[in-house]
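S.K.: Structure below; questions to follow.
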Amino acid sequence: MDRSFDSPDAPRLLLAGTAEWLGPFAEAAEEGIGARTRIASSLAEARSASRAGSIDCVLAADRLSDATGIELLRSIREDDPALPVVFAPTDGSEALASEAVEAGVSEYVPLSIPNEDAFGELLGRIEAGLESARLEQDRRERAEGFDAIVEDERTATWVLDPDGTLRRANRTARELAAPDAGDVSPGRSFPSLLPWSRDGQLQSDVERVLERARGGDFSTAVLTDVPGRDDGDAHVMELSARPIETSRGTIASVLVEGVDVTERVELERDLRRSERLHRVTLNNMTDTVLITDEDGEYTYVCPNVHFVFGYSAAEIRELGTIDELLGEDLFDREELAERGVLKNIECTATDRAGREHVLLVNVREVSIQGGTLLYSCRDVTERKRREEALATLQNTAREFLYAETHPEIAARVVEDVPGSLDLDASAVFLFGPDGNRLRPTAVSAGMERAVGSLPEIPLDADGPVTRSFLEDESRFLEDDRDIDVGGDPTTELASAGYIPLGEHGVFVVGSSNVGAFDEIRREIADLLAATAEAALDRVSRERRLREQDRSLKRRNEDLRAVNRINETIRAIDRALVEAETREEIDHAVCELLTAEDRFRFAWIGEIDPSTETVVSRAWAGEERGYLDDQTIDVGLEGTEPAGRTASTRETTAVANVADRLREERWRTDALACDFRSVVSVPLDYNDVSYGVLTVYADARDAFDETTREVLAELAGTIASATSAIERRNALVTSSAVRLEFEIPDATFVCSRLAEAASCTIAYRGGVRQTAAGSDVFVEIEDAPVDRVETAAAGVLGVESVDRVSEDDDGGVLRLRLSGSFPALELADHGAVLREASATPDSTAIVVEIAENGDLRHATDLITELFGEGELRSKRTIDRSPGHLRSRAFDRLTDRQLEVVRTAYYSGFFESPRENTGEDVAEMLDISPTAFYRHVRTVDRTLLGLLFDGFDPVSTSQP
């Protein structure tokens, strides 16, 4: 992680390791010394950071994720021997310290207890390391700078001891040594090394310079008539000496430098010999200089006069007086006499080609070779053009502030081209992303005269307009007529500039003349395009903001609507939880949907199978007799939305009831009740229909996608709650209705197994749902168990078979199914699959539902799971606990009851047992064998009642 601070001088600290204290220390370093810290956990990351040159110091912990701190130290020293590295092991030792010193550590600071005091000491050591590294760097830089000075090839340099003997000399100084000096080695007297050592005057000058330097002063002398080593001519040398002092103020050495200034002296001599006229001319070479007498006759014409006026110096003289060139009454002679110089007099002049120039003229009084007035003329034509263009652009920029559309800006750009660029052909192409084309939004009359009407240009066209836009690069082309690009008539211009306007389009400007774009025009064209691009960006940005504002308002409105819906949903959820019956659910849903004018009308209906129509179960709101006037058939075409939903079991939405008013009669009745939009959703749970919910609103498009989704989810919740009530009723009711169906479903697993094994397969209850599927116990009749096991292995959906028991005529198997068993799906809807018996020819199932349950709903469930089943019988049974107890007592003998009652009260069934079976048998005066036989008989009887059922007491006949 990186931590950055505002100060650029903050030390940059790399914390390397995986120790937990590195994070708190980073915060302490940031607060204590203002460090910018970075933590690296791996060797590669730490080494990469140190190599990048962005680290001032490294703090290494014991270990990194892939290396030790010592290994990191060694790798850093391979790259940078000078980078400060502080090693802070948690558990230090002398051996570890020696190893760190050997690896080149800067500071070794054991950190046994990483607390605030330890952090303070560690920060102090880091600051010391940083300061030491800074001083060493300064020393190296000074040494390098000194070496660079000493080794200057143009300067002979000697470094002397305070006594004047040689300590060091550079190459230039060694080459300058006297021929008899021999080896220029340290310890030699400096004057004896010089080629003029025998010249008394030169020797005296040298000794004087050295004496002053040894006294602590800088000294210099110009030595003339110094004999040259190569040519023997007299040279001029500038000799200087300066003392090099220690920090205590003592002289450590003397630096002597000698520079051959012969050429410079000669040049200065030549310059001094130059005439005053040459000095004035040299000082004014950037301008055209003219000198006249009092009558305006030329006494001097600068040779560069043709750059401004196009005339040669001779031709300027032939024109006559300066009044012919710069105009009469250029200045007031008396004012000039008073002030001596008049500056920045603006005037216009025409050159030889007839072009007009704007000049700034300075006039001063002189006395040079018969001339009395000096005119310094500076051509500011281009600057003037630029100023005028910039003024125009400034006005354009102000007007852009009030433009509200892209076409307005494009038109303004084209209007300003003549004033800012002095060109008449221009156009602005704007990009239309919907058409992937560049459209000529604004075109000048001059452009139309030059090239005709401009077409739209597709982006795949190969021309300067599309290239400039796609490559985002300005192009200035001369004589574009040589370019043959079909569909781009701007190439017919002799000169053309193509400047992209960002993502908005391209600005095209040109002329019928070749060479129209000089540097100024290009600059101004770029500025105009940049100003236009900024204005286009502003308009786009404001448009996006307006769209975002509108979108935000729409979203807020949608949010308010969703909040209202959510409030309704929460209220309905509370009502569903509190509802005791299906009727309570239906009425609560309709009442809450129409409360507080949420919706105009809502009702719940179900299919009447006898008439194939949807009939109302509950409703609320402003019904106005609408349902009384409707016969809602179950179908697709022309029927009421509830009928379509009942047919398709999918959501049906009508955004505008007034559409197709004459084609569907229900729409007329709905409009008469002020119903403008409708949505109908199916009440389905686990593929079982509990009816349809239909809601009406008094506005068009009242049911957007979000509302439809919410209502669809609500419908699922309603159906689930209805199913839960049916399941609860099935559990708590003491009476039930037992229904026996004969089913045609040949895919039922019991049917397939019975057919495959040619036997009778009976399900007597007992199913367990697992993550992998379902476990079901089935009883086999009239077939050996092994044959059924073999047949089951080939039945689709049976994963495995376990043998539970067997006898001569069959047995019990546990089937492990890959999918779910119908008993679980029936139970999810309040029905219990009691029995299922399948033969190779037919299959019958017995289902129980609550006494107050809906028989039609149960029939629908059977149809959904098994196809069109035939109801064979219907009986009402008593499932009360008292009835089960009485049936149990009816099946046990008095002796069996006596035995188990004695065993129960004596603690035989406790764990651990209070009395063993032998103890209870002794109490009853029977053998242990007889005791255990009686207990097993009672167990078998009770378990049979639990798992195999019992003969119900019928209260009604089928």
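Here, A, B, ... name the chains of the structure tokens in the order displayed, residue numbers run from 1 inside each chain, and ligands are numbered from 1 in the same displayed order.
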Going by DSSP on the backbone, which bits of region 751-886 of chain A are helix (DSSP H, G or I)? Write them as JSON, numbers by chain, please.

M.R.: {"A": [751, 752, 753, 754, 755, 756, 757, 785, 786, 787, 788, 789, 790, 791, 792, 793, 822, 823, 824, 825, 826, 827, 855, 856, 857, 858, 859, 860, 861, 862, 863, 864, 865, 866, 881, 882, 883, 884, 885, 886]}

S.K.: Please extract the residues of region 24-269 of chain A with a backbone DSSP assignment of strand (DSSP E) and present them as a ChimeraX atom specification.

M.R.: /A:36-40,57-60,85-87,107-108,156-160,166-169,219-227,234-245,251-260

S.K.: Once you count only C-alpha atoms, what closest atom pair and distance in Å to one decimal does each residue of region 436-474 of chain A within 9 Å of region 509-528 of chain A have, with rows by chain and rising residue number, as a Markdown table?

M.R.:
```
| residue | atom | partner | partner_atom | distance |
| --- | --- | --- | --- | --- |
| A:Gly446 | CA | A:Ser511 | CA | 8.7 |
| A:Met447 | CA | A:Gly510 | CA | 8.0 |
| A:Ala450 | CA | A:Ser512 | CA | 7.0 |
| A:Ser474 | CA | A:Asp526 | CA | 8.3 |
```

S.K.: Selection from above, N, CA and C atoms, as an mmCIF file, in the first residue's frame, can you write it?

M.R.:
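Below is the file result32.cif, written as the result:
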```cif
data_model
loop_
_atom_site.group_PDB
_atom_site.id
_atom_site.type_symbol
_atom_site.label_atom_id
_atom_site.label_comp_id
_atom_site.auth_asym_id
_atom_site.auth_seq_id
_atom_site.Cartn_x
_atom_site.Cartn_y
_atom_site.Cartn_z
ATOM 1 N N GLY A 446 -19.017 31.002 -49.496
ATOM 2 C CA GLY A 446 -17.773 30.853 -50.235
ATOM 3 C C GLY A 446 -17.431 29.394 -50.479
ATOM 4 N N MET A 447 -17.716 28.523 -49.511
ATOM 5 C CA MET A 447 -17.456 27.099 -49.693
ATOM 6 C C MET A 447 -18.365 26.532 -50.779
ATOM 7 N N ALA A 450 -17.112 27.509 -54.126
ATOM 8 C CA ALA A 450 -15.858 26.868 -54.513
ATOM 9 C C ALA A 450 -16.043 25.401 -54.879
ATOM 10 N N SER A 474 -5.058 17.509 -36.696
ATOM 11 C CA SER A 474 -5.270 18.585 -37.663
ATOM 12 C C SER A 474 -4.448 18.325 -38.922
#
```

S.K.: Determine, counting only C-alpha atoms, which protein, DNA and RNA residues have an atom within 10 Å of an atom of Leu671 (chain A); residues of the same chain fewer than 4 positions away are not included. Present the result as a list in words.

M.R.: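 Once the adjacent positions are removed, what remains is Asn656, Val657, Ala658, Leu661, Trp666, Arg667, Phe675, Arg676, Ser677 and Asp698 of chain A.
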
S.K.: For Ser54 (chain A), please output as a PyMOL selection string all residues within 10 Å (counting only C-alpha atoms; exclusion window: fewer than 3 positions along the same chain).

M.R.: chain A and resi 11-14+49-51+57

S.K.: Would you mind telling me which residue in A:Cys750, A:Ala532, A:Ala762, A:Ala410 lies nearest to Ser426 (chain A) when using only C-alpha atoms?

M.R.: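 Among the listed residues, A:Ala410 lies closest to Ser426 (chain A).
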
S.K.: Choose the residue, out of A:Asp472, A:Asp205, A:Glu709, A:Glu20, that has the smallest atom-to-atom separation from Pro114 (chain A); count only C-alpha atoms.

M.R.: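 Smallest separation from Pro114 (chain A) among the options: A:Glu20.
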
S.K.: Would you compute the distance between CA of Glu583 (chain A) and CA of Tyr685 (chain A)? Give it in Å to one decimal.

M.R.: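 That distance, rounded to one decimal, is 17.3 Å.
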
S.K.: Applying 9 Å and only C-alpha atoms, which residues near Leu593 (chain A) remain after dropping the ones on its own chain fewer than 2 positions away? List them as a PyMOL selection string.

M.R.: chain A and resi 565+568-569+572+588-591+595-602+620-621+695

S.K.: Got time to write the residues from that selection, N, CA and C atoms, as a short mmCIF file (atom, residue, chain, number, x, y, z; two decimals), in the first residue's frame?

M.R.:
```
data_model
loop_
_atom_site.label_atom_id
_atom_site.label_comp_id
_atom_site.auth_asym_id
_atom_site.auth_seq_id
_atom_site.Cartn_x
_atom_site.Cartn_y
_atom_site.Cartn_z
N ILE A 565 -45.98 0.91 -3.57
CA ILE A 565 -46.22 -0.52 -3.81
C ILE A 565 -45.62 -1.36 -2.69
N THR A 568 -47.74 -1.33 0.25
CA THR A 568 -48.87 -2.24 0.04
C THR A 568 -48.45 -3.69 0.23
N ILE A 569 -47.27 -4.02 -0.33
CA ILE A 569 -46.78 -5.40 -0.24
C ILE A 569 -46.56 -5.78 1.23
N ILE A 572 -49.79 -6.37 2.84
CA ILE A 572 -50.35 -7.66 2.40
C ILE A 572 -49.62 -8.81 3.06
N ALA A 588 -58.28 -9.83 2.03
CA ALA A 588 -57.25 -8.91 2.51
C ALA A 588 -56.43 -8.37 1.35
N VAL A 589 -56.07 -9.23 0.40
CA VAL A 589 -55.28 -8.79 -0.75
C VAL A 589 -56.03 -7.75 -1.55
N CYS A 590 -57.28 -8.00 -1.85
CA CYS A 590 -58.06 -7.05 -2.66
C CYS A 590 -58.27 -5.74 -1.92
N GLU A 591 -58.56 -5.82 -0.62
CA GLU A 591 -58.79 -4.60 0.15
C GLU A 591 -57.52 -3.73 0.20
N ALA A 595 -56.73 0.13 -1.30
CA ALA A 595 -56.78 1.13 -0.22
C ALA A 595 -55.99 2.37 -0.61
N GLU A 596 -56.41 3.52 -0.12
CA GLU A 596 -55.73 4.80 -0.32
C GLU A 596 -55.52 5.11 -1.81
N ASP A 597 -56.48 4.73 -2.62
CA ASP A 597 -56.47 5.03 -4.07
C ASP A 597 -55.23 4.49 -4.78
N ARG A 598 -54.68 3.38 -4.27
CA ARG A 598 -53.52 2.81 -4.96
C ARG A 598 -53.95 2.33 -6.34
N PHE A 599 -54.99 1.51 -6.35
CA PHE A 599 -55.56 1.06 -7.62
C PHE A 599 -57.07 1.20 -7.52
N ARG A 600 -57.75 1.26 -8.68
CA ARG A 600 -59.18 1.51 -8.70
C ARG A 600 -59.98 0.26 -8.28
N PHE A 601 -59.55 -0.93 -8.71
CA PHE A 601 -60.37 -2.13 -8.50
C PHE A 601 -59.44 -3.34 -8.56
N ALA A 602 -59.72 -4.36 -7.71
CA ALA A 602 -58.94 -5.59 -7.73
C ALA A 602 -59.85 -6.74 -7.36
N ALA A 620 -62.51 -5.98 -4.26
CA ALA A 620 -62.57 -4.74 -3.47
C ALA A 620 -62.31 -3.58 -4.40
N GLY A 621 -62.75 -2.38 -3.99
CA GLY A 621 -62.58 -1.20 -4.81
C GLY A 621 -63.87 -0.78 -5.48
N VAL A 695 -55.96 -6.53 -11.47
CA VAL A 695 -55.95 -5.20 -10.86
C VAL A 695 -56.19 -4.16 -11.96
#
```

S.K.: With only C-alpha atoms counted and 12 Å as the cut-off, give the residues of region 313-396 of chain A in contact with region 302-309 of chain A, each with its shortest interatomic distance in Å and the pair that gives it, as JSON lines.

M.R.:
```
{"residue": "A:Ala313", "atom": "CA", "partner": "A:Pro303", "partner_atom": "CA", "distance": 6.1}
{"residue": "A:Ala314", "atom": "CA", "partner": "A:Pro303", "partner_atom": "CA", "distance": 9.6}
{"residue": "A:Glu315", "atom": "CA", "partner": "A:His306", "partner_atom": "CA", "distance": 9.6}
{"residue": "A:Ile316", "atom": "CA", "partner": "A:Val305", "partner_atom": "CA", "distance": 8.3}
{"residue": "A:Arg317", "atom": "CA", "partner": "A:Val305", "partner_atom": "CA", "distance": 11.2}
{"residue": "A:Leu319", "atom": "CA", "partner": "A:Phe309", "partner_atom": "CA", "distance": 11.8}
{"residue": "A:Leu325", "atom": "CA", "partner": "A:Phe309", "partner_atom": "CA", "distance": 9.0}
{"residue": "A:Leu326", "atom": "CA", "partner": "A:Phe309", "partner_atom": "CA", "distance": 10.7}
{"residue": "A:Thr348", "atom": "CA", "partner": "A:Phe309", "partner_atom": "CA", "distance": 11.1}
{"residue": "A:Ala349", "atom": "CA", "partner": "A:Phe309", "partner_atom": "CA", "distance": 7.9}
{"residue": "A:Thr350", "atom": "CA", "partner": "A:Phe309", "partner_atom": "CA", "distance": 7.1}
{"residue": "A:Asp351", "atom": "CA", "partner": "A:Phe309", "partner_atom": "CA", "distance": 4.3}
{"residue": "A:Arg352", "atom": "CA", "partner": "A:Phe309", "partner_atom": "CA", "distance": 6.2}
{"residue": "A:Ala353", "atom": "CA", "partner": "A:Phe309", "partner_atom": "CA", "distance": 8.6}
{"residue": "A:Gly354", "atom": "CA", "partner": "A:Phe309", "partner_atom": "CA", "distance": 9.6}
{"residue": "A:Arg355", "atom": "CA", "partner": "A:Phe309", "partner_atom": "CA", "distance": 9.1}
{"residue": "A:Glu356", "atom": "CA", "partner": "A:Phe309", "partner_atom": "CA", "distance": 9.4}
{"residue": "A:His357", "atom": "CA", "partner": "A:Val308", "partner_atom": "CA", "distance": 8.0}
{"residue": "A:Val358", "atom": "CA", "partner": "A:Val308", "partner_atom": "CA", "distance": 10.0}
{"residue": "A:Leu359", "atom": "CA", "partner": "A:Val308", "partner_atom": "CA", "distance": 9.2}
{"residue": "A:Leu360", "atom": "CA", "partner": "A:Val308", "partner_atom": "CA", "distance": 11.8}
{"residue": "A:Leu374", "atom": "CA", "partner": "A:Cys302", "partner_atom": "CA", "distance": 10.9}
{"residue": "A:Tyr375", "atom": "CA", "partner": "A:Cys302", "partner_atom": "CA", "distance": 10.3}
{"residue": "A:Ser376", "atom": "CA", "partner": "A:Cys302", "partner_atom": "CA", "distance": 9.8}
{"residue": "A:Cys377", "atom": "CA", "partner": "A:Val308", "partner_atom": "CA", "distance": 8.7}
{"residue": "A:Arg378", "atom": "CA", "partner": "A:Val308", "partner_atom": "CA", "distance": 8.2}
{"residue": "A:Asp379", "atom": "CA", "partner": "A:Val308", "partner_atom": "CA", "distance": 6.5}
{"residue": "A:Val380", "atom": "CA", "partner": "A:Val308", "partner_atom": "CA", "distance": 10.0}
{"residue": "A:Thr381", "atom": "CA", "partner": "A:Val308", "partner_atom": "CA", "distance": 10.0}
{"residue": "A:Glu382", "atom": "CA", "partner": "A:Val308", "partner_atom": "CA", "distance": 11.9}
```
